[in-house]
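So the structure is just underneath, and the comments pick up after that.
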Amino acid sequence: MALLSLRSVSKSFGALKVTDDVSFDLQPDEALGIIGPNGAGKSTLFNLITGNLRPDAGQILLDGRDVSADSVMARCAAGIGRSFQIPQPFGHLSGYENLLVAARFGGGLAAAEAPEFCMDILRRTGLAGVADSPAGGLPLLSRKRLELARAMATRPRVLLLDEIAGGLTDAECVELVATIRAIHAEGTAIVWIEHVLHALNSVVNRLIVLNFGRLLMMGDVRTVMNAPEVREIYLGAEA
Ligand SMILES: Nc1ncnc2c1ncn2[C@@H]1O[C@H](COP(=O)(O)OP(=O)(O)OP(=O)(O)O)[C@@H](O)[C@H]1O
């Protein structure tokens with residue numbers, strides 16, 4: 001059974017249909033990429049999956065169960081974790097404390113087990129050295145890593161990553177990609193919205209293209225990247 005399914009999901013803001021009849025399945029071992037031009041409705045799709053927004057029509061299923069009416073917290077507890085496009089740590093708390101909050105309140109970890117669990121995630125995401133530094137003062141790569149770590153601390157079965165590679169140097173991207181690949185290899189399904197295509201395509205097996213809220217195309221990376229309509233959208237970009 002699919003881990004996550006969207007069934008004919010639609011969402012409008014006033015007259016603007018931002019998500020238009022989108023359906024897809026995500027298998028538990030999958031890494032899926034979502035691409036599309038600015039304003040195509042990619043982040044909105046994440047907000048619908050996490051419960052930050054409610055669909056006007058359609059269903060979101062986790063393990064075949066309709067979670068469309070569940071709260072953000074309930075969906076997080078059920079295994080949907082996400083990172084935000086703009087890192088949103090508690091700036092005055094340290095990296096470690098940020099993870100502790102995510103692990104206790106998002107991941108439901110008991111007080112006794114949370115510290116070791118958080119230290120492990122800090123090590124795996126390359127943040128052990130800055131664990132005690134206030135999150136607000138960290139450089140961009142560390143803030144991106146912390147965004148990933150906070151999502152990991154909620155113990156997701158599916159991890160939604162929103163443009164986590166944006167703004168990083170090539171070398172930083174390579175480091176982040178290695179971390180994301182390791183997280184996927186350890187059994188977490190990934191859905192990754194990304195404009196940095198070389199980073200995205202080195203992790204995902206399948207791509208969805210959104211355009212004006214509609215699912216324009218879905219398929220393996222090579223097929224999608226070579227499709228004329230996709231090349232047209234990305235003309236002048238990285239295609
Ligand atoms: N809360 C909202 N109220 C009204 N309009 C919104 C709201 N959220 C998003 N939109 C609009 O919906 C459209 C899709 O936005 P969304 O952020 O989902 O696009 P995106 O594909 O993630 O873009 P980007 O690649 O630039 O992040 C945009 O036109 C945006 O202005």
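Each chain in the structure tokens gets a letter, A, B, ..., in the order shown, and its residues are numbered from 1; ligands are numbered from 1 in order too.
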
- Message: Please extract the residues of range 26-226 of chain A with a backbone DSSP assignment of alpha helix (DSSP H) and present them as a VMD selection string.
- Response: chain A and resid 42 to 50 72 to 78 95 to 101 114 to 124 140 to 153 170 to 185 197 to 201 221 to 226

- Message: Any residue with an atom at most 12 Å from ligand 1 counts, using only C-alpha atoms and all ligand atoms. Which are they? Put them as an MDAnalysis selection string.
- Response: chainID A and resid 11:20 34:48 52:54 84:86 161:164 166 192:196 209:215

Would you put the residues from that selection into a file with N, CA and C atoms, as a short mmCIF file (atom, residue, chain, number, x, y, z; two decimals), in the first residue's frame?
data_model
loop_
_atom_site.label_atom_id
_atom_site.label_comp_id
_atom_site.auth_asym_id
_atom_site.auth_seq_id
_atom_site.Cartn_x
_atom_site.Cartn_y
_atom_site.Cartn_z
N LYS A 11 -7.29 23.25 -4.45
CA LYS A 11 -7.31 24.37 -3.50
C LYS A 11 -7.27 25.69 -4.28
N SER A 12 -8.16 26.61 -3.92
CA SER A 12 -8.15 27.93 -4.54
C SER A 12 -7.95 28.99 -3.47
N PHE A 13 -7.28 30.08 -3.86
CA PHE A 13 -7.26 31.30 -3.06
C PHE A 13 -8.08 32.32 -3.84
N GLY A 14 -9.28 32.60 -3.41
CA GLY A 14 -10.17 33.46 -4.19
C GLY A 14 -10.40 32.83 -5.55
N ALA A 15 -10.13 33.61 -6.61
CA ALA A 15 -10.37 33.10 -7.97
C ALA A 15 -9.19 32.29 -8.49
N LEU A 16 -8.07 32.26 -7.72
CA LEU A 16 -6.85 31.61 -8.20
C LEU A 16 -6.81 30.15 -7.76
N LYS A 17 -6.88 29.23 -8.74
CA LYS A 17 -6.80 27.80 -8.40
C LYS A 17 -5.33 27.41 -8.33
N VAL A 18 -4.86 27.19 -7.13
CA VAL A 18 -3.43 26.99 -6.91
C VAL A 18 -3.07 25.50 -6.91
N THR A 19 -4.04 24.66 -6.57
CA THR A 19 -3.87 23.21 -6.67
C THR A 19 -5.08 22.70 -7.43
N ASP A 20 -4.81 22.05 -8.56
CA ASP A 20 -5.91 21.75 -9.49
C ASP A 20 -5.96 20.24 -9.77
N ILE A 34 9.57 17.24 -6.66
CA ILE A 34 8.53 18.09 -7.26
C ILE A 34 9.20 19.33 -7.81
N ILE A 35 9.01 19.56 -9.11
CA ILE A 35 9.58 20.74 -9.74
C ILE A 35 8.47 21.53 -10.42
N GLY A 36 8.82 22.74 -10.83
CA GLY A 36 7.85 23.60 -11.50
C GLY A 36 8.22 25.04 -11.27
N PRO A 37 7.74 25.94 -12.12
CA PRO A 37 8.12 27.35 -12.00
C PRO A 37 7.64 28.01 -10.71
N ASN A 38 8.17 29.18 -10.40
CA ASN A 38 7.72 29.93 -9.22
C ASN A 38 6.22 30.15 -9.31
N GLY A 39 5.54 29.91 -8.19
CA GLY A 39 4.10 30.15 -8.15
C GLY A 39 3.27 29.00 -8.70
N ALA A 40 3.91 27.87 -9.03
CA ALA A 40 3.18 26.73 -9.61
C ALA A 40 2.30 26.02 -8.59
N GLY A 41 2.52 26.30 -7.30
CA GLY A 41 1.69 25.68 -6.28
C GLY A 41 2.39 24.58 -5.50
N LYS A 42 3.72 24.58 -5.55
CA LYS A 42 4.47 23.48 -4.91
C LYS A 42 4.37 23.55 -3.38
N SER A 43 4.68 24.74 -2.81
CA SER A 43 4.60 24.86 -1.34
C SER A 43 3.18 24.68 -0.85
N THR A 44 2.22 25.14 -1.65
CA THR A 44 0.81 24.97 -1.27
C THR A 44 0.49 23.48 -1.15
N LEU A 45 1.04 22.69 -2.05
CA LEU A 45 0.81 21.24 -1.99
C LEU A 45 1.33 20.68 -0.66
N PHE A 46 2.50 21.13 -0.23
CA PHE A 46 3.04 20.69 1.07
C PHE A 46 2.11 21.13 2.20
N ASN A 47 1.63 22.39 2.12
CA ASN A 47 0.75 22.88 3.19
C ASN A 47 -0.54 22.07 3.26
N LEU A 48 -0.99 21.56 2.13
CA LEU A 48 -2.19 20.72 2.12
C LEU A 48 -1.88 19.35 2.73
N ASN A 52 -1.50 22.48 7.16
CA ASN A 52 -1.48 23.94 7.31
C ASN A 52 -2.60 24.57 6.49
N LEU A 53 -2.99 23.89 5.42
CA LEU A 53 -4.14 24.30 4.61
C LEU A 53 -5.08 23.12 4.45
N ARG A 54 -6.36 23.40 4.30
CA ARG A 54 -7.35 22.35 4.03
C ARG A 54 -7.72 22.38 2.57
N PHE A 84 10.80 23.86 6.20
CA PHE A 84 10.25 25.04 5.55
C PHE A 84 11.28 25.67 4.61
N GLN A 85 10.75 26.33 3.56
CA GLN A 85 11.60 26.97 2.56
C GLN A 85 12.51 28.00 3.22
N ILE A 86 11.94 28.80 4.11
CA ILE A 86 12.75 29.73 4.91
C ILE A 86 12.89 29.10 6.28
N LEU A 161 10.61 18.10 2.04
CA LEU A 161 11.70 19.09 2.03
C LEU A 161 11.36 20.19 1.04
N ASP A 162 11.29 21.45 1.52
CA ASP A 162 10.91 22.56 0.65
C ASP A 162 12.12 23.43 0.33
N GLU A 163 12.68 23.24 -0.85
CA GLU A 163 13.80 24.05 -1.36
C GLU A 163 14.93 24.16 -0.34
N ILE A 164 15.35 23.02 0.14
CA ILE A 164 16.37 23.05 1.20
C ILE A 164 17.76 23.35 0.65
N GLY A 166 18.37 25.63 -1.77
CA GLY A 166 18.42 26.99 -2.30
C GLY A 166 19.40 27.87 -1.53
N TRP A 192 10.60 16.01 -2.18
CA TRP A 192 11.51 17.16 -2.16
C TRP A 192 11.14 18.13 -3.29
N ILE A 193 10.73 19.34 -2.88
CA ILE A 193 10.54 20.45 -3.83
C ILE A 193 11.89 21.14 -3.99
N GLU A 194 12.37 21.29 -5.23
CA GLU A 194 13.69 21.90 -5.36
C GLU A 194 13.89 22.51 -6.73
N HIS A 195 14.49 23.70 -6.75
CA HIS A 195 14.88 24.32 -8.02
C HIS A 195 16.31 23.94 -8.41
N VAL A 196 17.11 23.49 -7.44
CA VAL A 196 18.50 23.10 -7.74
C VAL A 196 18.45 21.66 -8.26
N VAL A 209 6.01 17.22 -12.16
CA VAL A 209 6.11 18.61 -12.62
C VAL A 209 4.77 19.28 -12.39
N LEU A 210 4.78 20.37 -11.63
CA LEU A 210 3.57 21.16 -11.43
C LEU A 210 3.67 22.42 -12.27
N ASN A 211 2.55 22.81 -12.87
CA ASN A 211 2.49 24.05 -13.63
C ASN A 211 1.09 24.61 -13.49
N PHE A 212 0.98 25.85 -13.01
CA PHE A 212 -0.32 26.47 -12.76
C PHE A 212 -1.21 25.55 -11.92
N GLY A 213 -0.62 24.90 -10.92
CA GLY A 213 -1.40 24.08 -9.99
C GLY A 213 -1.73 22.69 -10.48
N ARG A 214 -1.47 22.44 -11.75
CA ARG A 214 -1.81 21.12 -12.31
C ARG A 214 -0.58 20.23 -12.38
N LEU A 215 -0.83 18.93 -12.25
CA LEU A 215 0.25 17.98 -12.42
C LEU A 215 0.46 17.79 -13.93
#

- Query: When distances are computed from only C-alpha atoms, which of A:Asp132, A:Asp70, A:Glu172, A:Asp63 shows the smallest separation from Gly51 in chain A?
  - Reply: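 The closest residue to Gly51 in chain A is A:Asp70.
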
- Length of the CA of Gly91 in chain A to CA of Arg145 in chain A vector [Å]: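 Straight-line distance from CA of Gly91 in chain A to CA of Arg145 in chain A works out to 14.2 Å.
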
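Comparing the minimum interatomic distances between Leu62 in chain A and each of A:Ala74, A:Ile80, A:Leu3, A:Ala114, counting only C-alpha atoms, we find that A:Leu3 sits nearest.
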
- Message: Give me the residues near range 23-31 of chain A as a PyMOL selection string, where near means some atom within 7 Å (using only C-alpha atoms) and where sequence neighbours in that chain fewer than 4 positions away do not count.
- Response: chain A and resi 2-9+187-191+203-206

- Selection near Pro134 in chain A, 8 Å with only C-alpha atoms, sequence-local residues under 2 positions removed, as a list of chain:residue names: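 So, after excluding close chain neighbours, the residues are A:Gly91, A:His92, A:Leu93, A:Ser94, A:Gly95, A:Asp132, A:Gly136, A:Gly137, A:Leu138.
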
If we count only C-alpha atoms, what is near Met73 in chain A at a cut-off of 9 Å, once residues fewer than 2 positions away on the same chain are taken out, given as an mmCIF file with N, CA and C atoms, in the first residue's frame?
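File selection.cif, as written:
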data_model
loop_
_atom_site.group_PDB
_atom_site.id
_atom_site.type_symbol
_atom_site.label_atom_id
_atom_site.label_comp_id
_atom_site.auth_asym_id
_atom_site.auth_seq_id
_atom_site.Cartn_x
_atom_site.Cartn_y
_atom_site.Cartn_z
ATOM 1 N N THR A 50 0.483 18.673 4.964
ATOM 2 C CA THR A 50 0.772 18.767 6.400
ATOM 3 C C THR A 50 -0.432 19.217 7.224
ATOM 4 N N GLY A 51 -1.433 19.797 6.561
ATOM 5 C CA GLY A 51 -2.598 20.280 7.310
ATOM 6 C C GLY A 51 -2.549 21.766 7.618
ATOM 7 N N ASP A 70 -7.514 16.045 9.630
ATOM 8 C CA ASP A 70 -6.678 16.008 10.844
ATOM 9 C C ASP A 70 -5.848 17.285 10.985
ATOM 10 N N SER A 71 -5.492 17.623 12.234
ATOM 11 C CA SER A 71 -4.684 18.808 12.511
ATOM 12 C C SER A 71 -3.232 18.599 12.084
ATOM 13 N N ARG A 75 -1.134 15.022 12.136
ATOM 14 C CA ARG A 75 -0.441 14.482 10.957
ATOM 15 C C ARG A 75 1.048 14.317 11.231
ATOM 16 N N CYS A 76 1.585 15.247 12.011
ATOM 17 C CA CYS A 76 2.999 15.139 12.391
ATOM 18 C C CYS A 76 3.205 13.873 13.228
ATOM 19 N N ALA A 77 2.315 13.659 14.186
ATOM 20 C CA ALA A 77 2.415 12.467 15.041
ATOM 21 C C ALA A 77 2.240 11.186 14.227
ATOM 22 N N ALA A 78 1.474 11.278 13.146
ATOM 23 C CA ALA A 78 1.245 10.094 12.308
ATOM 24 C C ALA A 78 2.404 9.837 11.341
ATOM 25 N N PHE A 105 7.601 17.470 21.332
ATOM 26 C CA PHE A 105 6.228 17.870 20.990
ATOM 27 C C PHE A 105 5.794 17.353 19.618
ATOM 28 N N GLY A 106 6.741 17.215 18.692
ATOM 29 C CA GLY A 106 6.384 16.687 17.367
ATOM 30 C C GLY A 106 6.547 15.179 17.309
#

- Taking into account only C-alpha atoms, which residue in the set A:Pro115, A:Val177, A:Pro89, A:Gly107 is nearest to Leu146 in chain A?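 Under the stated criterion, the closest residue is A:Pro89.
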
- Minimum-distance residue to Ser142 in chain A, chosen among A:Asp56, A:Glu175, A:Asp66, A:Asp21 (using only C-alpha atoms): A:Glu175

- Nearest-residue call for Ser68 in chain A, choices A:Ser10, A:Met217, A:Asp120, A:Ala110, using only C-alpha atoms: A:Ser10

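Closest approach to Ala131 in chain A among A:Ile49, A:Ser202, A:Asn98, A:Gly108: A:Asn98, based on only C-alpha atoms.
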